[in-house]
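> For reference, the file final.pdb (PDB, C-alpha atoms) is included below:
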ATOM      1  CA  MET A   1      -3.595  -9.196 -28.450
ATOM      2  CA  THR A   2      -0.177  -7.931 -29.439
ATOM      3  CA  LEU A   3       1.553  -4.719 -28.439
ATOM      4  CA  ARG A   4       3.996  -3.035 -30.801
ATOM      5  CA  ALA A   5       5.835   0.240 -31.282
ATOM      6  CA  MET A   6       3.950   3.134 -32.861
ATOM      7  CA  ALA A   7       4.570   4.088 -36.475
ATOM      8  CA  GLU A   8       3.555   7.088 -38.577
ATOM      9  CA  SER A   9       1.026   4.823 -40.294
ATOM     10  CA  ASP A  10      -0.894   4.526 -36.990
ATOM     11  CA  ALA A  11      -2.082   8.140 -37.124
ATOM     12  CA  GLU A  12      -5.367   7.345 -38.883
ATOM     13  CA  ASN A  13      -6.297   4.675 -36.323
ATOM     14  CA  LEU A  14      -5.225   6.752 -33.318
ATOM     15  CA  LEU A  15      -7.348   9.620 -34.639
ATOM     16  CA  LYS A  16     -10.407   7.372 -34.272
ATOM     17  CA  ILE A  17      -9.814   7.631 -30.522
ATOM     18  CA  PHE A  18      -8.311  11.120 -30.304
ATOM     19  CA  GLU A  19     -11.178  12.763 -32.239
ATOM     20  CA  ASP A  20     -13.836  10.932 -30.210
ATOM     21  CA  ALA A  21     -15.077  13.362 -27.546
ATOM     22  CA  GLU A  22     -16.463  10.514 -25.409
ATOM     23  CA  ALA A  23     -13.191   8.546 -25.510
ATOM     24  CA  MET A  24     -11.240  11.717 -24.662
ATOM     25  CA  LYS A  25     -13.683  12.868 -21.961
ATOM     26  CA  TYR A  26     -11.091  12.693 -19.170
ATOM     27  CA  TYR A  27      -8.280  14.328 -21.152
ATOM     28  CA  SER A  28      -7.767  18.045 -21.668
ATOM     29  CA  SER A  29      -9.138  17.926 -25.218
ATOM     30  CA  THR A  30      -9.492  15.899 -28.369
ATOM     31  CA  LYS A  31      -6.524  15.827 -30.768
ATOM     32  CA  SER A  32      -6.200  16.900 -34.383
ATOM     33  CA  GLU A  33      -4.283  14.975 -37.038
ATOM     34  CA  GLN A  34      -1.280  17.249 -36.437
ATOM     35  CA  ASP A  35      -1.516  16.636 -32.653
ATOM     36  CA  THR A  36      -1.685  12.899 -33.326
ATOM     37  CA  ARG A  37       1.426  12.977 -35.492
ATOM     38  CA  ARG A  38       3.233  14.910 -32.724
ATOM     39  CA  TRP A  39       2.042  12.289 -30.227
ATOM     40  CA  ILE A  40       3.526   9.496 -32.339
ATOM     41  CA  GLN A  41       6.823  11.373 -32.623
ATOM     42  CA  TRP A  42       6.865  11.944 -28.863
ATOM     43  CA  MET A  43       6.220   8.228 -28.240
ATOM     44  CA  LYS A  44       9.026   7.246 -30.615
ATOM     45  CA  GLN A  45      11.422   9.701 -28.941
ATOM     46  CA  HIS A  46      10.363   8.597 -25.475
ATOM     47  CA  TYR A  47      11.075   4.986 -26.400
ATOM     48  CA  GLN A  48      14.501   5.836 -27.858
ATOM     49  CA  THR A  49      15.427   7.818 -24.759
ATOM     50  CA  TYR A  50      13.858   5.780 -21.932
ATOM     51  CA  GLY A  51      12.978   2.367 -23.386
ATOM     52  CA  ILE A  52       9.251   2.765 -22.661
ATOM     53  CA  SER A  53       6.329   4.392 -24.463
ATOM     54  CA  MET A  54       2.718   3.866 -25.365
ATOM     55  CA  TRP A  55       2.349   0.945 -27.781
ATOM     56  CA  ILE A  56      -0.270   0.041 -30.342
ATOM     57  CA  ALA A  57      -2.589  -2.772 -29.239
ATOM     58  CA  GLU A  58      -3.851  -5.025 -32.020
ATOM     59  CA  ASP A  59      -6.011  -8.124 -32.261
ATOM     60  CA  LYS A  60      -3.555 -11.006 -32.565
ATOM     61  CA  GLN A  61      -5.573 -12.999 -35.108
ATOM     62  CA  LYS A  62      -7.050 -10.227 -37.249
ATOM     63  CA  GLY A  63      -4.359  -7.563 -36.877
ATOM     64  CA  GLU A  64      -7.079  -4.989 -36.185
ATOM     65  CA  PHE A  65      -6.280  -1.823 -34.251
ATOM     66  CA  LEU A  66      -7.725  -1.848 -30.720
ATOM     67  CA  GLY A  67      -6.057   1.111 -29.013
ATOM     68  CA  GLN A  68      -2.888   2.024 -27.164
ATOM     69  CA  CYS A  69      -1.342   1.031 -23.876
ATOM     70  CA  GLY A  70       2.060   1.512 -22.298
ATOM     71  CA  MET A  71       4.161   3.625 -19.985
ATOM     72  CA  VAL A  72       5.763   7.055 -20.067
ATOM     73  CA  LEU A  73       7.763   8.817 -17.398
ATOM     74  CA  GLN A  74       5.658  11.242 -15.403
ATOM     75  CA  LYS A  75       6.671  13.743 -12.735
ATOM     76  CA  VAL A  76       4.304  13.989  -9.776
ATOM     77  CA  ASP A  77       5.091  15.820  -6.546
ATOM     78  CA  GLY A  78       8.716  16.222  -7.641
ATOM     79  CA  LYS A  79       9.270  12.481  -8.231
ATOM     80  CA  VAL A  80       9.521  10.798 -11.641
ATOM     81  CA  ASP A  81       8.017   7.323 -12.084
ATOM     82  CA  PRO A  82       6.749   5.308 -15.044
ATOM     83  CA  GLU A  83       3.045   5.947 -15.533
ATOM     84  CA  LEU A  84       0.833   3.252 -17.028
ATOM     85  CA  GLY A  85      -1.808   4.474 -19.442
ATOM     86  CA  TYR A  86      -4.396   2.867 -21.701
ATOM     87  CA  LEU A  87      -6.851   4.226 -24.236
ATOM     88  CA  PHE A  88      -8.939   2.042 -26.539
ATOM     89  CA  LEU A  89     -11.496   2.469 -29.301
ATOM     90  CA  ARG A  90     -14.930   2.949 -27.793
ATOM     91  CA  SER A  91     -16.188  -0.058 -29.772
ATOM     92  CA  ARG A  92     -13.693  -2.184 -27.789
ATOM     93  CA  TRP A  93     -14.662  -0.934 -24.330
ATOM     94  CA  GLY A  94     -15.906  -3.521 -21.849
ATOM     95  CA  LYS A  95     -14.271  -6.471 -23.622
ATOM     96  CA  GLY A  96     -11.234  -6.852 -21.337
ATOM     97  CA  TYR A  97      -8.649  -5.419 -23.742
ATOM     98  CA  ALA A  98      -7.542  -2.590 -21.443
ATOM     99  CA  SER A  99      -7.060  -4.979 -18.518
ATOM    100  CA  GLU A 100      -5.143  -7.493 -20.652
ATOM    101  CA  ALA A 101      -2.854  -4.859 -22.156
ATOM    102  CA  ALA A 102      -2.341  -3.013 -18.867
ATOM    103  CA  LYS A 103      -1.433  -6.250 -17.065
ATOM    104  CA  ALA A 104       1.088  -7.138 -19.783
ATOM    105  CA  CYS A 105       2.696  -3.682 -19.556
ATOM    106  CA  LEU A 106       2.740  -3.833 -15.771
ATOM    107  CA  ASP A 107       4.410  -7.259 -15.799
ATOM    108  CA  TYR A 108       6.967  -6.040 -18.349
ATOM    109  CA  GLY A 109       7.747  -2.941 -16.286
ATOM    110  CA  LEU A 110       8.045  -4.746 -12.955
ATOM    111  CA  HIS A 111       9.676  -8.030 -14.002
ATOM    112  CA  THR A 112      11.669  -7.279 -17.154
ATOM    113  CA  LEU A 113      12.601  -3.623 -16.656
ATOM    114  CA  LYS A 114      12.684  -4.012 -12.844
ATOM    115  CA  PHE A 115      10.923  -0.727 -12.088
ATOM    116  CA  GLN A 116      10.466  -0.303  -8.346
ATOM    117  CA  LYS A 117       7.121   1.461  -8.779
ATOM    118  CA  ILE A 118       4.592   2.020 -11.566
ATOM    119  CA  THR A 119       1.872   4.642 -11.244
ATOM    120  CA  SER A 120      -1.326   5.609 -12.997
ATOM    121  CA  LEU A 121      -3.053   8.998 -12.926
ATOM    122  CA  ILE A 122      -6.824   8.614 -13.220
ATOM    123  CA  ASP A 123      -9.688  11.080 -13.214
ATOM    124  CA  PRO A 124     -11.864  10.342 -10.134
ATOM    125  CA  ASP A 125     -14.947  10.096 -12.382
ATOM    126  CA  ASN A 126     -13.351   7.589 -14.771
ATOM    127  CA  TYR A 127     -14.755   4.468 -13.113
ATOM    128  CA  PRO A 128     -13.847   2.036 -15.926
ATOM    129  CA  SER A 129     -10.203   3.136 -15.765
ATOM    130  CA  ILE A 130     -10.205   2.860 -11.975
ATOM    131  CA  LYS A 131     -11.571  -0.701 -12.296
ATOM    132  CA  VAL A 132      -8.777  -1.629 -14.713
ATOM    133  CA  ALA A 133      -6.113  -0.266 -12.359
ATOM    134  CA  GLU A 134      -7.587  -2.125  -9.392
ATOM    135  CA  ARG A 135      -8.096  -5.331 -11.403
ATOM    136  CA  ILE A 136      -4.360  -5.470 -12.205
ATOM    137  CA  GLY A 137      -3.368  -4.909  -8.577
ATOM    138  CA  MET A 138      -2.810  -1.164  -8.371
ATOM    139  CA  LYS A 139      -3.928   0.688  -5.247
ATOM    140  CA  LYS A 140      -5.060   4.276  -4.808
ATOM    141  CA  GLU A 141      -2.261   6.014  -2.940
ATOM    142  CA  LYS A 142      -3.427   9.626  -2.875
ATOM    143  CA  GLN A 143      -5.059  12.452  -4.780
ATOM    144  CA  VAL A 144      -2.803  14.857  -6.699
ATOM    145  CA  ASN A 145      -3.122  17.982  -8.814
ATOM    146  CA  LYS A 146      -1.687  17.753 -12.328
ATOM    147  CA  TRP A 147      -2.697  19.300 -15.639
ATOM    148  CA  ASP A 148      -4.917  21.735 -13.735
ATOM    149  CA  LYS A 149      -7.128  18.993 -12.327
ATOM    150  CA  SER A 150      -7.436  16.704  -9.344
ATOM    151  CA  LEU A 151      -6.507  13.080 -10.114
ATOM    152  CA  PHE A 152      -6.261   9.788  -8.275
ATOM    153  CA  PHE A 153      -2.682   8.531  -8.020
ATOM    154  CA  TYR A 154      -2.645   4.743  -8.281
ATOM    155  CA  SER A 155       0.528   2.721  -7.813
ATOM    156  CA  ILE A 156       2.015  -0.717  -7.522
ATOM    157  CA  TYR A 157       5.407  -1.601  -6.105
ATOM    158  CA  ASN A 158       7.878  -4.220  -7.228
ATOM    159  CA  GLU A 159       8.003  -6.756  -4.413
ATOM    160  CA  LYS A 160      11.311  -8.317  -5.536
TER     161      LYS A 160
END
Output the file's structure as structure tokens, nothing else.

Amino acid sequence: MTLRAMAESDAENLLKIFEDAEAMKYYSSTKSEQDTRRWIQWMKQHYQTYGISMWIAEDKQKGEFLGQCGMVLQKVDGKVDPELGYLFLRSRWGKGYASEAAKACLDYGLHTLKFQKITSLIDPDNYPSIKVAERIGMKKEKQVNKWDKSLFFYSIYNEK
């Protein structure tokens, strides 16, 4: 798998996830094409400003779109930390892509960017996402309220 910056041309592929009610079950809603284009612009701006964003995940050999994974800054309980997120095509679920991409982003954030802490906000009912977070070494720290819902707050600390 490769991870790369988002481009306008990724809108059609991202829509395959964002319009899928099952894939977006734990988010506030599905996204329209216009929402998706705004998302891409936000990711590009976030990267320019902070050096992190969600990236496009592709199959290394075939170049096929798999999903997105990366980090954005998130404020929780008055503190801002990088938040790791991942969202893949439903047809790619259960094949290890989310774990592989999340681990790569985590390693990049902790070892290259030297973040002291990386977090992940996960719906308590999203068991596959919880498994990914735990598989890559994150631990549930607490439960928080954000976006008008109760979420698990997972984290991992830089030990160096």
> Using the chain letters and numbers from this file, what does the PyMOL selection byres ((chain A and resi 52) around 12) select? Give the answer as a PDB file with C-alpha atoms, in the coordinates of the input.

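Once everything was written out, this is expr17.pdb:
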ATOM      1  CA  ARG A   4       3.996  -3.035 -30.801  1.00  0.00           C
ATOM      2  CA  ALA A   5       5.835   0.240 -31.282  1.00  0.00           C
ATOM      3  CA  MET A   6       3.950   3.134 -32.861  1.00  0.00           C
ATOM      4  CA  TRP A  42       6.865  11.944 -28.863  1.00  0.00           C
ATOM      5  CA  MET A  43       6.220   8.228 -28.240  1.00  0.00           C
ATOM      6  CA  LYS A  44       9.026   7.246 -30.615  1.00  0.00           C
ATOM      7  CA  GLN A  45      11.422   9.701 -28.941  1.00  0.00           C
ATOM      8  CA  HIS A  46      10.363   8.597 -25.475  1.00  0.00           C
ATOM      9  CA  TYR A  47      11.075   4.986 -26.400  1.00  0.00           C
ATOM     10  CA  GLN A  48      14.501   5.836 -27.858  1.00  0.00           C
ATOM     11  CA  THR A  49      15.427   7.818 -24.759  1.00  0.00           C
ATOM     12  CA  TYR A  50      13.858   5.780 -21.932  1.00  0.00           C
ATOM     13  CA  GLY A  51      12.978   2.367 -23.386  1.00  0.00           C
ATOM     14  CA  SER A  53       6.329   4.392 -24.463  1.00  0.00           C
ATOM     15  CA  MET A  54       2.718   3.866 -25.365  1.00  0.00           C
ATOM     16  CA  TRP A  55       2.349   0.945 -27.781  1.00  0.00           C
ATOM     17  CA  CYS A  69      -1.342   1.031 -23.876  1.00  0.00           C
ATOM     18  CA  GLY A  70       2.060   1.512 -22.298  1.00  0.00           C
ATOM     19  CA  MET A  71       4.161   3.625 -19.985  1.00  0.00           C
ATOM     20  CA  VAL A  72       5.763   7.055 -20.067  1.00  0.00           C
ATOM     21  CA  LEU A  73       7.763   8.817 -17.398  1.00  0.00           C
ATOM     22  CA  GLN A  74       5.658  11.242 -15.403  1.00  0.00           C
ATOM     23  CA  ASP A  81       8.017   7.323 -12.084  1.00  0.00           C
ATOM     24  CA  PRO A  82       6.749   5.308 -15.044  1.00  0.00           C
ATOM     25  CA  GLU A  83       3.045   5.947 -15.533  1.00  0.00           C
ATOM     26  CA  LEU A  84       0.833   3.252 -17.028  1.00  0.00           C
ATOM     27  CA  GLY A  85      -1.808   4.474 -19.442  1.00  0.00           C
ATOM     28  CA  CYS A 105       2.696  -3.682 -19.556  1.00  0.00           C
ATOM     29  CA  LEU A 106       2.740  -3.833 -15.771  1.00  0.00           C
ATOM     30  CA  TYR A 108       6.967  -6.040 -18.349  1.00  0.00           C
ATOM     31  CA  GLY A 109       7.747  -2.941 -16.286  1.00  0.00           C
ATOM     32  CA  THR A 112      11.669  -7.279 -17.154  1.00  0.00           C
ATOM     33  CA  LEU A 113      12.601  -3.623 -16.656  1.00  0.00           C
ATOM     34  CA  PHE A 115      10.923  -0.727 -12.088  1.00  0.00           C
TER      35      PHE A 115
END
> What do you get, as a PDB file with C-alpha atoms, in the coordinates of the input, if you spell out every residue that the PyMOL selection byres ((chain A and resi 148-152) around 6) selects here?

ATOM      1  CA  LEU A 121      -3.053   8.998 -12.926  1.00  0.00           C
ATOM      2  CA  ILE A 122      -6.824   8.614 -13.220  1.00  0.00           C
ATOM      3  CA  ASP A 123      -9.688  11.080 -13.214  1.00  0.00           C
ATOM      4  CA  PRO A 124     -11.864  10.342 -10.134  1.00  0.00           C
ATOM      5  CA  GLN A 143      -5.059  12.452  -4.780  1.00  0.00           C
ATOM      6  CA  VAL A 144      -2.803  14.857  -6.699  1.00  0.00           C
ATOM      7  CA  ASN A 145      -3.122  17.982  -8.814  1.00  0.00           C
ATOM      8  CA  LYS A 146      -1.687  17.753 -12.328  1.00  0.00           C
ATOM      9  CA  TRP A 147      -2.697  19.300 -15.639  1.00  0.00           C
ATOM     10  CA  PHE A 153      -2.682   8.531  -8.020  1.00  0.00           C
TER      11      PHE A 153
END
> Would you kindly return, as a PDB file with C-alpha atoms, in the coordinates of the input, each protein, DNA or RNA residue with an atom no farther than 12 Å from any atom of segment 17-33 of chain A, considering all atoms listed in the file and excluding same-chain residues fewer than 3 positions away?

ATOM      1  CA  GLU A   8       3.555   7.088 -38.577  1.00  0.00           C
ATOM      2  CA  SER A   9       1.026   4.823 -40.294  1.00  0.00           C
ATOM      3  CA  ASP A  10      -0.894   4.526 -36.990  1.00  0.00           C
ATOM      4  CA  ALA A  11      -2.082   8.140 -37.124  1.00  0.00           C
ATOM      5  CA  GLU A  12      -5.367   7.345 -38.883  1.00  0.00           C
ATOM      6  CA  ASN A  13      -6.297   4.675 -36.323  1.00  0.00           C
ATOM      7  CA  LEU A  14      -5.225   6.752 -33.318  1.00  0.00           C
ATOM      8  CA  THR A  36      -1.685  12.899 -33.326  1.00  0.00           C
ATOM      9  CA  ARG A  37       1.426  12.977 -35.492  1.00  0.00           C
ATOM     10  CA  ARG A  38       3.233  14.910 -32.724  1.00  0.00           C
ATOM     11  CA  TRP A  39       2.042  12.289 -30.227  1.00  0.00           C
ATOM     12  CA  ILE A  40       3.526   9.496 -32.339  1.00  0.00           C
ATOM     13  CA  PHE A  65      -6.280  -1.823 -34.251  1.00  0.00           C
ATOM     14  CA  LEU A  66      -7.725  -1.848 -30.720  1.00  0.00           C
ATOM     15  CA  GLY A  67      -6.057   1.111 -29.013  1.00  0.00           C
ATOM     16  CA  GLN A  68      -2.888   2.024 -27.164  1.00  0.00           C
ATOM     17  CA  GLY A  85      -1.808   4.474 -19.442  1.00  0.00           C
ATOM     18  CA  TYR A  86      -4.396   2.867 -21.701  1.00  0.00           C
ATOM     19  CA  LEU A  87      -6.851   4.226 -24.236  1.00  0.00           C
ATOM     20  CA  PHE A  88      -8.939   2.042 -26.539  1.00  0.00           C
ATOM     21  CA  LEU A  89     -11.496   2.469 -29.301  1.00  0.00           C
ATOM     22  CA  ARG A  90     -14.930   2.949 -27.793  1.00  0.00           C
ATOM     23  CA  SER A  91     -16.188  -0.058 -29.772  1.00  0.00           C
ATOM     24  CA  ARG A  92     -13.693  -2.184 -27.789  1.00  0.00           C
ATOM     25  CA  TRP A  93     -14.662  -0.934 -24.330  1.00  0.00           C
ATOM     26  CA  LEU A 121      -3.053   8.998 -12.926  1.00  0.00           C
ATOM     27  CA  ILE A 122      -6.824   8.614 -13.220  1.00  0.00           C
ATOM     28  CA  ASP A 123      -9.688  11.080 -13.214  1.00  0.00           C
ATOM     29  CA  PRO A 124     -11.864  10.342 -10.134  1.00  0.00           C
ATOM     30  CA  ASP A 125     -14.947  10.096 -12.382  1.00  0.00           C
ATOM     31  CA  ASN A 126     -13.351   7.589 -14.771  1.00  0.00           C
ATOM     32  CA  TYR A 127     -14.755   4.468 -13.113  1.00  0.00           C
ATOM     33  CA  PRO A 128     -13.847   2.036 -15.926  1.00  0.00           C
ATOM     34  CA  SER A 129     -10.203   3.136 -15.765  1.00  0.00           C
ATOM     35  CA  LYS A 146      -1.687  17.753 -12.328  1.00  0.00           C
ATOM     36  CA  TRP A 147      -2.697  19.300 -15.639  1.00  0.00           C
ATOM     37  CA  ASP A 148      -4.917  21.735 -13.735  1.00  0.00           C
ATOM     38  CA  LYS A 149      -7.128  18.993 -12.327  1.00  0.00           C
ATOM     39  CA  SER A 150      -7.436  16.704  -9.344  1.00  0.00           C
ATOM     40  CA  LEU A 151      -6.507  13.080 -10.114  1.00  0.00           C
TER      41      LEU A 151
END
> Rounded to one decimal in Å, what is the spacing between atom CA of Val76 of chain A and atom CA of Ser120 of chain A?
10.6 Å
> Using all atoms of segment 136-147 of chain A that appear in the file, construct an axis-aligned enclosing box with 8 Å of padding on every side and provide its centre coordinates and edge lengths in Å, rounded to one decimal, as JSON.

{"center_x": -3.4, "center_y": 6.9, "center_z": -9.3, "size_x": 19.4, "size_y": 40.8, "size_z": 28.8}
> Rounded to one decimal in Å, what is the spacing between atom CA of Ala57 of chain A and atom CA of Lys79 of chain A?
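Between atom CA of Ala57 of chain A and atom CA of Lys79 of chain A the gap works out to 28.5 Å.
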> Set the distance at 10 Å and use all atoms listed in the file: which residues neighbour Gly63 of chain A once local chain neighbours fewer than 4 positions away are removed? I'd like the list as a list of chain:residue names.
A:Met1, A:Thr2, A:Ala57, A:Glu58, A:Asp59
> For this file, the PyMOL selection byres ((chain A and resi 157) around 7) selects which residues, as a list in words?
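This file, filtered by the PyMOL selection byres ((chain A and resi 157) around 7), leaves Gln116, Lys117, Ile118, Ser155, Ile156, Asn158 and Glu159 of chain A.
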> Between atom CA of Ala102 of chain A and atom CA of Met138 of chain A, what is the distance in Å, rounded to a tenth?
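Atom-to-atom, atom CA of Ala102 of chain A and atom CA of Met138 of chain A are spaced 10.7 Å apart.
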> Between A:Gln41, A:Lys114, A:Leu3, A:Lys103, which residue has the minimum interatomic distance to Glu134 of chain A, considering all atoms listed in the file?
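Closest residue, counting all atoms listed in the file: A:Lys103.
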> Starting from the point (-2.3, 3.2, -1.3), work out which residues of protein, DNA or RNA have an atom no more than 8 Å away when counting only C-alpha atoms; state them as a ChimeraX atom specification.
/A:139-142,154-155
> Please produce segment 137-147 of chain A, completed to all heavy atoms, as a compact mmCIF listing (two decimals), keeping the file's coordinate frame.

# COMPACT_ATOMS: atom_id res chain seq x y z
N GLY A 137 -4.09 -4.94 -9.85
CA GLY A 137 -3.37 -4.91 -8.58
C GLY A 137 -2.88 -3.56 -8.10
O GLY A 137 -2.21 -3.46 -7.07
N MET A 138 -3.23 -2.49 -8.81
CA MET A 138 -2.81 -1.16 -8.37
C MET A 138 -3.73 -0.69 -7.25
O MET A 138 -4.89 -1.06 -7.18
CB MET A 138 -2.83 -0.18 -9.54
CG MET A 138 -1.87 -0.56 -10.66
SD MET A 138 -1.81 0.67 -11.99
CE MET A 138 -0.36 1.58 -11.47
N LYS A 139 -3.17 0.15 -6.38
CA LYS A 139 -3.93 0.69 -5.25
C LYS A 139 -3.90 2.22 -5.28
O LYS A 139 -2.89 2.82 -5.63
CB LYS A 139 -3.30 0.23 -3.92
CG LYS A 139 -3.15 -1.26 -3.78
CD LYS A 139 -4.36 -1.88 -3.15
CE LYS A 139 -4.14 -3.32 -2.80
NZ LYS A 139 -4.69 -4.26 -3.73
N LYS A 140 -5.02 2.82 -4.88
CA LYS A 140 -5.06 4.28 -4.81
C LYS A 140 -4.19 4.72 -3.64
O LYS A 140 -4.40 4.30 -2.50
CB LYS A 140 -6.48 4.79 -4.64
CG LYS A 140 -6.56 6.31 -4.65
CD LYS A 140 -7.97 6.82 -4.74
CE LYS A 140 -8.68 6.57 -3.44
NZ LYS A 140 -9.95 7.29 -3.34
N GLU A 141 -3.21 5.56 -3.95
CA GLU A 141 -2.26 6.01 -2.94
C GLU A 141 -2.65 7.39 -2.39
O GLU A 141 -2.51 7.65 -1.21
CB GLU A 141 -0.87 6.07 -3.58
CG GLU A 141 0.28 6.15 -2.63
CD GLU A 141 1.62 6.01 -3.33
OE1 GLU A 141 1.82 5.02 -4.05
OE2 GLU A 141 2.46 6.92 -3.15
N LYS A 142 -3.11 8.26 -3.29
CA LYS A 142 -3.43 9.63 -2.88
C LYS A 142 -4.15 10.34 -4.01
O LYS A 142 -4.38 9.78 -5.07
CB LYS A 142 -2.15 10.39 -2.52
CG LYS A 142 -1.12 10.46 -3.66
CD LYS A 142 0.18 11.09 -3.17
CE LYS A 142 1.27 10.98 -4.24
NZ LYS A 142 2.53 11.57 -3.77
N GLN A 143 -4.49 11.58 -3.77
CA GLN A 143 -5.06 12.45 -4.78
C GLN A 143 -4.03 13.55 -5.04
O GLN A 143 -3.42 14.07 -4.11
CB GLN A 143 -6.39 13.04 -4.29
CG GLN A 143 -7.27 13.50 -5.42
CD GLN A 143 -8.75 13.39 -5.10
OE1 GLN A 143 -9.15 12.76 -4.12
NE2 GLN A 143 -9.57 14.01 -5.92
N VAL A 144 -3.81 13.86 -6.32
CA VAL A 144 -2.80 14.86 -6.70
C VAL A 144 -3.41 15.87 -7.66
O VAL A 144 -4.46 15.63 -8.25
CB VAL A 144 -1.56 14.19 -7.35
CG1 VAL A 144 -0.88 13.24 -6.39
CG2 VAL A 144 -1.93 13.50 -8.65
N ASN A 145 -2.73 16.99 -7.82
CA ASN A 145 -3.12 17.98 -8.81
C ASN A 145 -2.09 17.98 -9.93
O ASN A 145 -0.90 18.14 -9.67
CB ASN A 145 -3.23 19.38 -8.19
CG ASN A 145 -4.45 19.50 -7.32
OD1 ASN A 145 -5.56 19.20 -7.76
ND2 ASN A 145 -4.27 19.90 -6.08
N LYS A 146 -2.55 17.75 -11.15
CA LYS A 146 -1.69 17.75 -12.33
C LYS A 146 -2.56 18.13 -13.51
O LYS A 146 -3.71 17.74 -13.59
CB LYS A 146 -1.05 16.38 -12.52
CG LYS A 146 -0.05 16.36 -13.67
CD LYS A 146 1.06 15.37 -13.41
CE LYS A 146 2.05 15.33 -14.53
NZ LYS A 146 3.15 16.23 -14.38
N TRP A 147 -1.97 18.85 -14.44
CA TRP A 147 -2.70 19.30 -15.64
C TRP A 147 -3.95 20.10 -15.26
O TRP A 147 -5.01 19.95 -15.87
CB TRP A 147 -3.07 18.12 -16.55
CG TRP A 147 -1.91 17.28 -16.97
CD1 TRP A 147 -0.77 17.70 -17.59
CD2 TRP A 147 -1.76 15.87 -16.79
NE1 TRP A 147 0.08 16.63 -17.80
CE2 TRP A 147 -0.51 15.50 -17.32
CE3 TRP A 147 -2.57 14.88 -16.23
CZ2 TRP A 147 -0.06 14.18 -17.31
CZ3 TRP A 147 -2.11 13.58 -16.22
CH2 TRP A 147 -0.87 13.25 -16.77
